[in-house]
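Student: What follows is coords26.txt, made up of compact mmCIF, N, CA and C atoms:
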# COMPACT_ATOMS: atom_id res chain seq x y z
N MET A 220 -20.61 26.16 1.13
CA MET A 220 -19.87 25.24 0.29
C MET A 220 -20.53 23.87 0.35
N ARG A 221 -20.75 23.29 -0.82
CA ARG A 221 -21.39 21.97 -0.88
C ARG A 221 -20.36 20.89 -0.67
N GLY A 222 -20.75 19.88 0.08
CA GLY A 222 -19.86 18.76 0.34
C GLY A 222 -19.94 17.70 -0.74
N LEU A 223 -19.09 16.68 -0.62
CA LEU A 223 -19.03 15.60 -1.59
C LEU A 223 -20.38 14.88 -1.72
N PHE A 224 -21.02 14.57 -0.60
CA PHE A 224 -22.28 13.84 -0.65
C PHE A 224 -23.39 14.68 -1.29
N ASP A 225 -23.36 15.98 -1.07
CA ASP A 225 -24.34 16.85 -1.73
C ASP A 225 -24.16 16.82 -3.24
N ARG A 226 -22.91 16.85 -3.69
CA ARG A 226 -22.65 16.82 -5.13
C ARG A 226 -23.02 15.46 -5.72
N LEU A 227 -22.74 14.37 -5.02
CA LEU A 227 -23.10 13.03 -5.51
C LEU A 227 -24.62 12.89 -5.58
N ASP A 228 -25.32 13.40 -4.57
CA ASP A 228 -26.78 13.34 -4.55
C ASP A 228 -27.37 14.13 -5.71
N ALA A 229 -26.79 15.28 -6.02
CA ALA A 229 -27.27 16.10 -7.13
C ALA A 229 -27.09 15.35 -8.45
N GLY A 230 -25.97 14.64 -8.60
CA GLY A 230 -25.74 13.84 -9.81
C GLY A 230 -26.74 12.72 -9.95
N ALA A 231 -27.09 12.10 -8.83
CA ALA A 231 -28.09 11.02 -8.86
C ALA A 231 -29.46 11.57 -9.24
N ARG A 232 -29.79 12.76 -8.76
CA ARG A 232 -31.08 13.37 -9.12
C ARG A 232 -31.14 13.68 -10.61
N GLU A 233 -30.02 14.16 -11.19
CA GLU A 233 -30.00 14.44 -12.62
C GLU A 233 -30.17 13.17 -13.43
N LEU A 234 -29.57 12.06 -12.97
CA LEU A 234 -29.74 10.78 -13.64
C LEU A 234 -31.18 10.32 -13.55
N ASP A 235 -31.80 10.46 -12.37
CA ASP A 235 -33.21 10.11 -12.22
C ASP A 235 -34.09 10.98 -13.11
N ASP A 236 -33.78 12.27 -13.21
CA ASP A 236 -34.53 13.17 -14.09
C ASP A 236 -34.41 12.70 -15.54
N ALA A 237 -33.20 12.36 -15.97
CA ALA A 237 -32.99 11.91 -17.35
C ALA A 237 -33.79 10.64 -17.63
N ARG A 238 -33.79 9.70 -16.71
CA ARG A 238 -34.57 8.47 -16.89
C ARG A 238 -36.06 8.76 -16.96
N SER A 239 -36.52 9.65 -16.10
CA SER A 239 -37.93 10.00 -16.07
C SER A 239 -38.35 10.70 -17.36
N ILE A 240 -37.52 11.62 -17.84
CA ILE A 240 -37.82 12.32 -19.09
C ILE A 240 -37.81 11.33 -20.26
N ALA A 241 -36.81 10.43 -20.29
CA ALA A 241 -36.74 9.43 -21.37
C ALA A 241 -37.99 8.55 -21.37
N ALA A 242 -38.46 8.16 -20.20
CA ALA A 242 -39.67 7.34 -20.11
C ALA A 242 -40.88 8.11 -20.63
N HIS A 243 -40.94 9.39 -20.30
CA HIS A 243 -42.07 10.21 -20.78
C HIS A 243 -41.99 10.42 -22.28
N LEU A 244 -40.81 10.64 -22.83
CA LEU A 244 -40.65 10.77 -24.28
C LEU A 244 -41.07 9.48 -24.98
N ARG A 245 -40.76 8.34 -24.38
CA ARG A 245 -41.17 7.05 -24.94
C ARG A 245 -42.70 6.98 -25.06
N VAL A 246 -43.38 7.47 -24.03
CA VAL A 246 -44.85 7.49 -24.06
C VAL A 246 -45.34 8.46 -25.13
N LEU A 247 -44.78 9.66 -25.16
CA LEU A 247 -45.21 10.67 -26.13
C LEU A 247 -45.01 10.20 -27.57
N PHE A 248 -43.81 9.66 -27.86
CA PHE A 248 -43.50 9.25 -29.23
C PHE A 248 -44.14 7.92 -29.59
N GLY A 249 -44.52 7.13 -28.60
CA GLY A 249 -45.17 5.85 -28.85
C GLY A 249 -46.65 6.00 -29.14
N ALA A 250 -47.24 7.09 -28.69
CA ALA A 250 -48.67 7.33 -28.93
C ALA A 250 -48.86 7.92 -30.33
N ARG A 251 -49.92 7.51 -30.99
CA ARG A 251 -50.21 8.06 -32.31
C ARG A 251 -51.10 9.27 -32.17
N HIS A 252 -50.85 10.24 -33.00
CA HIS A 252 -51.62 11.49 -33.02
C HIS A 252 -53.11 11.18 -33.12
N GLY A 253 -53.90 11.76 -32.22
CA GLY A 253 -55.34 11.56 -32.23
C GLY A 253 -55.82 10.37 -31.42
N SER A 254 -54.90 9.66 -30.74
CA SER A 254 -55.31 8.46 -30.00
C SER A 254 -55.85 8.77 -28.60
N ALA A 255 -55.68 9.99 -28.13
CA ALA A 255 -56.17 10.39 -26.81
C ALA A 255 -57.31 11.39 -26.98
N ALA A 256 -58.51 10.97 -26.61
CA ALA A 256 -59.68 11.83 -26.81
C ALA A 256 -59.57 13.14 -26.02
N ALA A 257 -58.96 13.08 -24.85
CA ALA A 257 -58.85 14.29 -24.01
C ALA A 257 -57.79 15.27 -24.53
N ALA A 258 -56.85 14.76 -25.31
CA ALA A 258 -55.79 15.61 -25.87
C ALA A 258 -55.55 15.17 -27.31
N PRO A 259 -56.36 15.62 -28.25
CA PRO A 259 -56.26 15.14 -29.63
C PRO A 259 -54.92 15.43 -30.31
N ASP A 260 -54.16 16.41 -29.82
CA ASP A 260 -52.87 16.71 -30.43
C ASP A 260 -51.71 15.93 -29.80
N LEU A 261 -52.03 15.08 -28.83
CA LEU A 261 -51.01 14.25 -28.18
C LEU A 261 -50.59 13.13 -29.12
N GLY A 262 -49.31 12.88 -29.21
CA GLY A 262 -48.79 11.77 -30.00
C GLY A 262 -48.08 12.22 -31.25
N ARG A 263 -47.39 11.26 -31.84
CA ARG A 263 -46.63 11.54 -33.07
C ARG A 263 -47.53 11.37 -34.28
N PRO A 264 -47.19 12.04 -35.37
CA PRO A 264 -47.98 11.88 -36.59
C PRO A 264 -47.78 10.49 -37.19
N ASP A 265 -48.67 10.12 -38.09
CA ASP A 265 -48.57 8.84 -38.78
C ASP A 265 -47.33 8.86 -39.66
N LEU A 266 -46.54 7.80 -39.58
CA LEU A 266 -45.27 7.76 -40.31
C LEU A 266 -45.36 6.95 -41.60
N THR A 267 -46.51 6.35 -41.89
CA THR A 267 -46.59 5.46 -43.05
C THR A 267 -46.38 6.17 -44.38
N ASP A 268 -46.80 7.41 -44.48
CA ASP A 268 -46.63 8.14 -45.75
C ASP A 268 -45.25 8.78 -45.88
N LEU A 269 -44.46 8.69 -44.85
CA LEU A 269 -43.15 9.33 -44.86
C LEU A 269 -42.25 8.76 -45.96
N VAL A 270 -42.39 7.49 -46.25
CA VAL A 270 -41.55 6.86 -47.26
C VAL A 270 -41.73 7.51 -48.64
N HIS A 271 -42.91 8.06 -48.90
CA HIS A 271 -43.18 8.69 -50.19
C HIS A 271 -42.68 10.13 -50.26
N THR A 272 -42.37 10.72 -49.13
CA THR A 272 -41.96 12.12 -49.11
C THR A 272 -40.54 12.32 -48.58
N TRP A 273 -39.81 11.23 -48.40
CA TRP A 273 -38.45 11.32 -47.84
C TRP A 273 -37.55 12.07 -48.81
N PRO A 274 -36.67 12.94 -48.43
CA PRO A 274 -36.32 13.37 -47.08
C PRO A 274 -37.11 14.59 -46.60
N ASP A 275 -37.86 15.23 -47.50
CA ASP A 275 -38.60 16.43 -47.10
C ASP A 275 -39.61 16.14 -45.99
N GLY A 276 -40.22 14.98 -46.02
CA GLY A 276 -41.20 14.62 -45.00
C GLY A 276 -40.60 14.52 -43.62
N ALA A 277 -39.31 14.21 -43.56
CA ALA A 277 -38.63 14.11 -42.26
C ALA A 277 -38.64 15.45 -41.54
N ARG A 278 -38.55 16.54 -42.28
CA ARG A 278 -38.55 17.88 -41.66
C ARG A 278 -39.90 18.14 -40.97
N GLY A 279 -40.96 17.71 -41.60
CA GLY A 279 -42.28 17.86 -40.98
C GLY A 279 -42.42 17.04 -39.72
N ILE A 280 -41.87 15.83 -39.73
CA ILE A 280 -41.90 14.98 -38.53
C ILE A 280 -41.05 15.61 -37.43
N GLU A 281 -39.89 16.15 -37.79
CA GLU A 281 -39.05 16.83 -36.80
C GLU A 281 -39.82 17.96 -36.13
N ARG A 282 -40.50 18.78 -36.93
CA ARG A 282 -41.27 19.90 -36.38
C ARG A 282 -42.40 19.39 -35.48
N ALA A 283 -43.08 18.34 -35.91
CA ALA A 283 -44.19 17.80 -35.12
C ALA A 283 -43.69 17.24 -33.78
N LEU A 284 -42.57 16.53 -33.80
CA LEU A 284 -42.02 15.98 -32.56
C LEU A 284 -41.53 17.09 -31.64
N LYS A 285 -40.93 18.13 -32.20
CA LYS A 285 -40.47 19.28 -31.40
C LYS A 285 -41.66 19.93 -30.71
N THR A 286 -42.74 20.16 -31.45
CA THR A 286 -43.94 20.76 -30.88
C THR A 286 -44.53 19.88 -29.79
N LEU A 287 -44.52 18.57 -30.02
CA LEU A 287 -45.03 17.61 -29.04
C LEU A 287 -44.25 17.69 -27.74
N VAL A 288 -42.91 17.72 -27.83
CA VAL A 288 -42.07 17.81 -26.63
C VAL A 288 -42.28 19.14 -25.93
N GLU A 289 -42.32 20.22 -26.68
CA GLU A 289 -42.51 21.55 -26.07
C GLU A 289 -43.85 21.65 -25.35
N ARG A 290 -44.86 21.01 -25.89
CA ARG A 290 -46.20 21.11 -25.30
C ARG A 290 -46.39 20.17 -24.11
N TYR A 291 -45.83 18.97 -24.16
CA TYR A 291 -46.16 17.94 -23.17
C TYR A 291 -44.99 17.53 -22.26
N GLU A 292 -43.83 18.12 -22.41
CA GLU A 292 -42.72 17.83 -21.49
C GLU A 292 -42.20 19.14 -20.93
N PRO A 293 -42.85 19.64 -19.87
CA PRO A 293 -42.50 20.97 -19.34
C PRO A 293 -41.13 21.04 -18.66
N ARG A 294 -40.50 19.90 -18.43
CA ARG A 294 -39.18 19.93 -17.79
C ARG A 294 -38.08 20.30 -18.77
N LEU A 295 -38.40 20.37 -20.07
CA LEU A 295 -37.40 20.67 -21.09
C LEU A 295 -37.67 22.02 -21.73
N ALA A 296 -36.59 22.70 -22.10
CA ALA A 296 -36.65 23.98 -22.81
C ALA A 296 -35.63 23.95 -23.94
N ASP A 297 -35.73 24.90 -24.85
CA ASP A 297 -34.81 25.00 -26.00
C ASP A 297 -34.68 23.66 -26.72
N VAL A 298 -35.80 23.09 -27.07
CA VAL A 298 -35.86 21.76 -27.68
C VAL A 298 -35.50 21.83 -29.16
N SER A 299 -34.69 20.88 -29.61
CA SER A 299 -34.45 20.69 -31.05
C SER A 299 -34.57 19.20 -31.35
N VAL A 300 -35.11 18.90 -32.51
CA VAL A 300 -35.29 17.52 -32.94
C VAL A 300 -34.77 17.41 -34.36
N ARG A 301 -33.98 16.38 -34.64
CA ARG A 301 -33.51 16.17 -36.01
C ARG A 301 -33.42 14.68 -36.29
N ALA A 302 -33.67 14.33 -37.53
CA ALA A 302 -33.55 12.94 -37.96
C ALA A 302 -32.07 12.55 -37.98
N VAL A 303 -31.79 11.33 -37.52
CA VAL A 303 -30.42 10.81 -37.52
C VAL A 303 -30.46 9.39 -38.09
N ALA A 304 -29.31 8.84 -38.36
CA ALA A 304 -29.22 7.48 -38.88
C ALA A 304 -29.71 6.49 -37.82
N SER A 305 -30.48 5.52 -38.27
CA SER A 305 -31.02 4.50 -37.38
C SER A 305 -30.12 3.27 -37.38
N SER A 306 -30.12 2.54 -36.28
CA SER A 306 -29.35 1.31 -36.20
C SER A 306 -30.05 0.16 -36.92
N GLU A 307 -31.33 0.33 -37.21
CA GLU A 307 -32.13 -0.68 -37.92
C GLU A 307 -32.62 -0.10 -39.25
N PRO A 308 -32.57 -0.88 -40.32
CA PRO A 308 -32.99 -0.34 -41.62
C PRO A 308 -34.49 -0.05 -41.71
N THR A 309 -35.30 -0.67 -40.86
CA THR A 309 -36.75 -0.45 -40.92
C THR A 309 -37.24 0.50 -39.83
N SER A 310 -36.33 1.21 -39.19
CA SER A 310 -36.69 2.15 -38.13
C SER A 310 -36.31 3.56 -38.51
N LEU A 311 -36.99 4.52 -37.91
CA LEU A 311 -36.63 5.93 -38.02
C LEU A 311 -36.05 6.36 -36.70
N ALA A 312 -35.02 7.18 -36.74
CA ALA A 312 -34.38 7.66 -35.51
C ALA A 312 -34.36 9.18 -35.51
N PHE A 313 -34.59 9.72 -34.32
CA PHE A 313 -34.57 11.17 -34.14
C PHE A 313 -33.78 11.50 -32.88
N GLN A 314 -32.98 12.54 -32.95
CA GLN A 314 -32.24 13.01 -31.80
C GLN A 314 -32.97 14.21 -31.21
N VAL A 315 -33.18 14.16 -29.90
CA VAL A 315 -33.81 15.27 -29.19
C VAL A 315 -32.75 15.89 -28.30
N ARG A 316 -32.50 17.16 -28.50
CA ARG A 316 -31.58 17.92 -27.64
C ARG A 316 -32.39 19.00 -26.95
N ALA A 317 -32.11 19.20 -25.66
CA ALA A 317 -32.82 20.22 -24.89
C ALA A 317 -32.01 20.51 -23.65
N ARG A 318 -32.48 21.51 -22.92
CA ARG A 318 -31.89 21.79 -21.61
C ARG A 318 -33.01 21.77 -20.59
N ALA A 319 -32.63 21.56 -19.35
CA ALA A 319 -33.63 21.56 -18.28
C ALA A 319 -34.26 22.94 -18.18
N ALA A 320 -35.54 22.97 -17.93
CA ALA A 320 -36.26 24.23 -17.82
C ALA A 320 -35.98 24.93 -16.50
N THR A 321 -35.26 24.28 -15.62
CA THR A 321 -34.92 24.89 -14.33
C THR A 321 -33.75 25.85 -14.49
N ARG A 322 -33.41 26.51 -13.42
CA ARG A 322 -32.29 27.46 -13.46
C ARG A 322 -30.97 26.77 -13.75
N ARG A 323 -30.83 25.52 -13.35
CA ARG A 323 -29.57 24.80 -13.60
C ARG A 323 -29.31 24.63 -15.09
N GLY A 324 -30.37 24.39 -15.85
CA GLY A 324 -30.25 24.29 -17.29
C GLY A 324 -29.41 23.12 -17.78
N HIS A 325 -29.45 21.99 -17.08
CA HIS A 325 -28.69 20.79 -17.49
C HIS A 325 -29.04 20.43 -18.93
N ALA A 326 -28.04 20.07 -19.74
CA ALA A 326 -28.27 19.70 -21.14
C ALA A 326 -28.61 18.21 -21.24
N TYR A 327 -29.58 17.90 -22.07
CA TYR A 327 -30.00 16.52 -22.31
C TYR A 327 -29.92 16.21 -23.79
N ARG A 328 -29.63 14.95 -24.09
CA ARG A 328 -29.65 14.45 -25.47
C ARG A 328 -30.22 13.04 -25.43
N PHE A 329 -31.27 12.83 -26.20
CA PHE A 329 -31.91 11.53 -26.30
C PHE A 329 -31.98 11.13 -27.76
N VAL A 330 -31.89 9.85 -28.02
CA VAL A 330 -32.12 9.32 -29.37
C VAL A 330 -33.30 8.38 -29.27
N THR A 331 -34.28 8.62 -30.09
CA THR A 331 -35.47 7.77 -30.11
C THR A 331 -35.56 7.07 -31.45
N GLU A 332 -35.92 5.79 -31.41
CA GLU A 332 -36.11 5.02 -32.63
C GLU A 332 -37.54 4.50 -32.65
N ILE A 333 -38.18 4.63 -33.79
CA ILE A 333 -39.54 4.15 -33.98
C ILE A 333 -39.48 3.12 -35.09
N ASP A 334 -39.87 1.87 -34.76
CA ASP A 334 -39.77 0.81 -35.76
C ASP A 334 -41.02 0.76 -36.64
N ALA A 335 -41.02 -0.16 -37.59
CA ALA A 335 -42.10 -0.27 -38.56
C ALA A 335 -43.45 -0.59 -37.91
N LEU A 336 -43.43 -1.19 -36.72
CA LEU A 336 -44.67 -1.51 -36.01
C LEU A 336 -45.11 -0.38 -35.08
N GLY A 337 -44.34 0.71 -35.03
CA GLY A 337 -44.69 1.84 -34.20
C GLY A 337 -44.13 1.77 -32.78
N ARG A 338 -43.35 0.74 -32.50
CA ARG A 338 -42.73 0.63 -31.16
C ARG A 338 -41.61 1.66 -31.05
N CYS A 339 -41.51 2.24 -29.88
CA CYS A 339 -40.59 3.34 -29.67
C CYS A 339 -39.60 3.00 -28.56
N THR A 340 -38.33 3.29 -28.80
CA THR A 340 -37.30 3.19 -27.77
C THR A 340 -36.63 4.55 -27.64
N VAL A 341 -36.23 4.88 -26.44
CA VAL A 341 -35.52 6.14 -26.18
C VAL A 341 -34.29 5.81 -25.35
N ARG A 342 -33.17 6.32 -25.78
CA ARG A 342 -31.93 6.12 -25.01
C ARG A 342 -31.19 7.43 -24.91
For this file, write the structure as structure tokens.
Tutor:
Amino acid sequence: MRGLFDRLDAGARELDDARSIAAHLRVLFGARHGSAAAAPDLGRPDLTDLVHTWPDGARGIERALKTLVERYEPRLADVSVRAVASSEPTSLAFQVRARAATRRGHAYRFVTEIDALGRCTVR
């Protein structure tokens, strides 16, 4: 039987995992596709042409971000990415839902916003 402190410690580890994953997603989504010579498929696709293909182009970005997370964030499984409303009119927002790849299978949900300058935030 696990005691109170064991359960509290496990909760703190899950919070640390979530922060670590969010930081890594920020790096992945902040990098532009082709910017890393050692991993040419690392990074998000160019978003500048998205305005001409909206909303169909958003589906392609969703697929590209899903593939990026599946390939470069091994702590997550069952990843889904979908476009959501952004808090800023000049930003794009995407929701990432996944579960931990471990046996515990903790569920995670992150919202990432990419602004017109390519800056990325993840919460």
Student: Please provide the set of residues having any atom within 8 Å of Ala242 (chain A), restricted to all atoms listed in the file, with same-chain residues fewer than 6 positions apart removed, written as a list in words.
Tutor: Asp236, Phe248, Val341 and Arg342 of chain A
Student: Which residue, A:Arg328, A:Thr286, A:Asp334, A:Glu281, has the smallest gap to Ala237 (chain A) when you use only C-alpha atoms?
Tutor: A:Arg328
Student: Atom C of Leu266 (chain A) and CA of Glu289 (chain A), how far apart in Å?
Tutor: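 For CA of Glu289 (chain A) relative to atom C of Leu266 (chain A), the distance reads 21.5 Å.
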Student: Mind checking which residues fall within 7 Å of Tyr327 (chain A), counting only N, CA and C atoms, ignoring those fewer than 2 positions away in the same chain, and posting them as a PyMOL selection string?
Tutor: chain A and resi 315-319+324-325+329
Student: So that I can check the surroundings of Thr331 (chain A), please list as a PyMOL selection string every protein, DNA and RNA residue that reaches within 6 Å of it, counting only C-alpha atoms and ignoring chain neighbours fewer than 3 positions away.
Tutor: chain A and resi 312-313+340-341
Student: According to DSSP computed on the backbone, where in chain A is there strand (DSSP E)? Give the residues as a ChimeraX atom specification.
Tutor: /A:295-303,311-319,326-333,339-341
Student: Dump N, CA and C atoms for the selected residues as an mmCIF file, keeping the file's coordinate frame?
Tutor:
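Saved the output as result.cif:
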data_model
loop_
_atom_site.group_PDB
_atom_site.id
_atom_site.type_symbol
_atom_site.label_atom_id
_atom_site.label_comp_id
_atom_site.auth_asym_id
_atom_site.auth_seq_id
_atom_site.Cartn_x
_atom_site.Cartn_y
_atom_site.Cartn_z
ATOM 1 N N LEU A 295 -38.400 20.370 -20.070
ATOM 2 C CA LEU A 295 -37.400 20.670 -21.090
ATOM 3 C C LEU A 295 -37.670 22.020 -21.730
ATOM 4 N N ALA A 296 -36.590 22.700 -22.100
ATOM 5 C CA ALA A 296 -36.650 23.980 -22.810
ATOM 6 C C ALA A 296 -35.630 23.950 -23.940
ATOM 7 N N ASP A 297 -35.730 24.900 -24.850
ATOM 8 C CA ASP A 297 -34.810 25.000 -26.000
ATOM 9 C C ASP A 297 -34.680 23.660 -26.720
ATOM 10 N N VAL A 298 -35.800 23.090 -27.070
ATOM 11 C CA VAL A 298 -35.860 21.760 -27.680
ATOM 12 C C VAL A 298 -35.500 21.830 -29.160
ATOM 13 N N SER A 299 -34.690 20.880 -29.610
ATOM 14 C CA SER A 299 -34.450 20.690 -31.050
ATOM 15 C C SER A 299 -34.570 19.200 -31.350
ATOM 16 N N VAL A 300 -35.110 18.900 -32.510
ATOM 17 C CA VAL A 300 -35.290 17.520 -32.940
ATOM 18 C C VAL A 300 -34.770 17.410 -34.360
ATOM 19 N N ARG A 301 -33.980 16.380 -34.640
ATOM 20 C CA ARG A 301 -33.510 16.170 -36.010
ATOM 21 C C ARG A 301 -33.420 14.680 -36.290
ATOM 22 N N ALA A 302 -33.670 14.330 -37.530
ATOM 23 C CA ALA A 302 -33.550 12.940 -37.960
ATOM 24 C C ALA A 302 -32.070 12.550 -37.980
ATOM 25 N N VAL A 303 -31.790 11.330 -37.520
ATOM 26 C CA VAL A 303 -30.420 10.810 -37.520
ATOM 27 C C VAL A 303 -30.460 9.390 -38.090
ATOM 28 N N LEU A 311 -36.990 4.520 -37.910
ATOM 29 C CA LEU A 311 -36.630 5.930 -38.020
ATOM 30 C C LEU A 311 -36.050 6.360 -36.700
ATOM 31 N N ALA A 312 -35.020 7.180 -36.740
ATOM 32 C CA ALA A 312 -34.380 7.660 -35.510
ATOM 33 C C ALA A 312 -34.360 9.180 -35.510
ATOM 34 N N PHE A 313 -34.590 9.720 -34.320
ATOM 35 C CA PHE A 313 -34.570 11.170 -34.140
ATOM 36 C C PHE A 313 -33.780 11.500 -32.880
ATOM 37 N N GLN A 314 -32.980 12.540 -32.950
ATOM 38 C CA GLN A 314 -32.240 13.010 -31.800
ATOM 39 C C GLN A 314 -32.970 14.210 -31.210
ATOM 40 N N VAL A 315 -33.180 14.160 -29.900
ATOM 41 C CA VAL A 315 -33.810 15.270 -29.190
ATOM 42 C C VAL A 315 -32.750 15.890 -28.300
ATOM 43 N N ARG A 316 -32.500 17.160 -28.500
ATOM 44 C CA ARG A 316 -31.580 17.920 -27.640
ATOM 45 C C ARG A 316 -32.390 19.000 -26.950
ATOM 46 N N ALA A 317 -32.110 19.200 -25.660
ATOM 47 C CA ALA A 317 -32.820 20.220 -24.890
ATOM 48 C C ALA A 317 -32.010 20.510 -23.650
ATOM 49 N N ARG A 318 -32.480 21.510 -22.920
ATOM 50 C CA ARG A 318 -31.890 21.790 -21.610
ATOM 51 C C ARG A 318 -33.010 21.770 -20.590
ATOM 52 N N ALA A 319 -32.630 21.560 -19.350
ATOM 53 C CA ALA A 319 -33.630 21.560 -18.280
ATOM 54 C C ALA A 319 -34.260 22.940 -18.180
ATOM 55 N N ALA A 326 -28.040 20.070 -19.740
ATOM 56 C CA ALA A 326 -28.270 19.700 -21.140
ATOM 57 C C ALA A 326 -28.610 18.210 -21.240
ATOM 58 N N TYR A 327 -29.580 17.900 -22.070
ATOM 59 C CA TYR A 327 -30.000 16.520 -22.310
ATOM 60 C C TYR A 327 -29.920 16.210 -23.790
ATOM 61 N N ARG A 328 -29.630 14.950 -24.090
ATOM 62 C CA ARG A 328 -29.650 14.450 -25.470
ATOM 63 C C ARG A 328 -30.220 13.040 -25.430
ATOM 64 N N PHE A 329 -31.270 12.830 -26.200
ATOM 65 C CA PHE A 329 -31.910 11.530 -26.300
ATOM 66 C C PHE A 329 -31.980 11.130 -27.760
ATOM 67 N N VAL A 330 -31.890 9.850 -28.020
ATOM 68 C CA VAL A 330 -32.120 9.320 -29.370
ATOM 69 C C VAL A 330 -33.300 8.380 -29.270
ATOM 70 N N THR A 331 -34.280 8.620 -30.090
ATOM 71 C CA THR A 331 -35.470 7.770 -30.110
ATOM 72 C C THR A 331 -35.560 7.070 -31.450
ATOM 73 N N GLU A 332 -35.920 5.790 -31.410
ATOM 74 C CA GLU A 332 -36.110 5.020 -32.630
ATOM 75 C C GLU A 332 -37.540 4.500 -32.650
ATOM 76 N N ILE A 333 -38.180 4.630 -33.790
ATOM 77 C CA ILE A 333 -39.540 4.150 -33.980
ATOM 78 C C ILE A 333 -39.480 3.120 -35.090
ATOM 79 N N CYS A 339 -41.510 2.240 -29.880
ATOM 80 C CA CYS A 339 -40.590 3.340 -29.670
ATOM 81 C C CYS A 339 -39.600 3.000 -28.560
ATOM 82 N N THR A 340 -38.330 3.290 -28.800
ATOM 83 C CA THR A 340 -37.300 3.190 -27.770
ATOM 84 C C THR A 340 -36.630 4.550 -27.640
ATOM 85 N N VAL A 341 -36.230 4.880 -26.440
ATOM 86 C CA VAL A 341 -35.520 6.140 -26.180
ATOM 87 C C VAL A 341 -34.290 5.810 -25.350
#
Student: Can you pull out every residue within 12 Å of Ala302 (chain A), counting only C-alpha atoms, but drop anything in the same chain fewer than 4 positions away, and send it as a VMD selection string?
Tutor: chain A and resid 273 to 282 284 to 285 310 to 316 329 to 333
Student: Expressed in Å to a single decimal, how great is the separation between CA of Gly262 (chain A) and CA of Ser305 (chain A)?
Tutor: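 It comes out at 20.6 Å.
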Student: As a ChimeraX atom specification, please: every residue in region 281-338 of chain A that a backbone DSSP assignment puts in alpha helix (DSSP H).
Tutor: /A:281-291
Student: How many Å lie between atom C of Arg322 (chain A) and atom N of Pro293 (chain A), rounded to one decimal?
Tutor: 15.1 Å
Student: Given the block above, output region 290-301 of chain A with N, CA and C atoms as an mmCIF file, in the first residue's frame.
Tutor:
data_model
loop_
_atom_site.group_PDB
_atom_site.id
_atom_site.type_symbol
_atom_site.label_atom_id
_atom_site.label_comp_id
_atom_site.auth_asym_id
_atom_site.auth_seq_id
_atom_site.Cartn_x
_atom_site.Cartn_y
_atom_site.Cartn_z
ATOM 1 N N ARG A 290 7.573 11.441 -33.758
ATOM 2 C CA ARG A 290 8.957 11.089 -34.094
ATOM 3 C C ARG A 290 9.960 11.572 -33.040
ATOM 4 N N TYR A 291 9.737 12.752 -32.464
ATOM 5 C CA TYR A 291 10.766 13.371 -31.623
ATOM 6 C C TYR A 291 10.389 13.520 -30.145
ATOM 7 N N GLU A 292 9.225 13.068 -29.740
ATOM 8 C CA GLU A 292 8.864 13.092 -28.314
ATOM 9 C C GLU A 292 8.437 11.696 -27.901
ATOM 10 N N PRO A 293 9.414 10.837 -27.564
ATOM 11 C CA PRO A 293 9.111 9.427 -27.280
ATOM 12 C C PRO A 293 8.333 9.209 -25.979
ATOM 13 N N ARG A 294 8.201 10.229 -25.161
ATOM 14 C CA ARG A 294 7.447 10.061 -23.907
ATOM 15 C C ARG A 294 5.947 10.086 -24.130
ATOM 16 N N LEU A 295 5.513 10.432 -25.350
ATOM 17 C CA LEU A 295 4.084 10.527 -25.647
ATOM 18 C C LEU A 295 3.655 9.457 -26.638
ATOM 19 N N ALA A 296 2.426 8.990 -26.472
ATOM 20 C CA ALA A 296 1.807 8.010 -27.370
ATOM 21 C C ALA A 296 0.383 8.461 -27.663
ATOM 22 N N ASP A 297 -0.228 7.867 -28.671
ATOM 23 C CA ASP A 297 -1.610 8.193 -29.063
ATOM 24 C C ASP A 297 -1.793 9.702 -29.225
ATOM 25 N N VAL A 298 -0.934 10.304 -30.004
ATOM 26 C CA VAL A 298 -0.907 11.756 -30.188
ATOM 27 C C VAL A 298 -2.000 12.197 -31.150
ATOM 28 N N SER A 299 -2.684 13.279 -30.812
ATOM 29 C CA SER A 299 -3.603 13.940 -31.747
ATOM 30 C C SER A 299 -3.326 15.438 -31.687
ATOM 31 N N VAL A 300 -3.425 16.081 -32.829
ATOM 32 C CA VAL A 300 -3.196 17.519 -32.934
ATOM 33 C C VAL A 300 -4.345 18.110 -33.725
ATOM 34 N N ARG A 301 -4.906 19.216 -33.228
ATOM 35 C CA ARG A 301 -5.962 19.884 -33.986
ATOM 36 C C ARG A 301 -5.855 21.388 -33.786
#
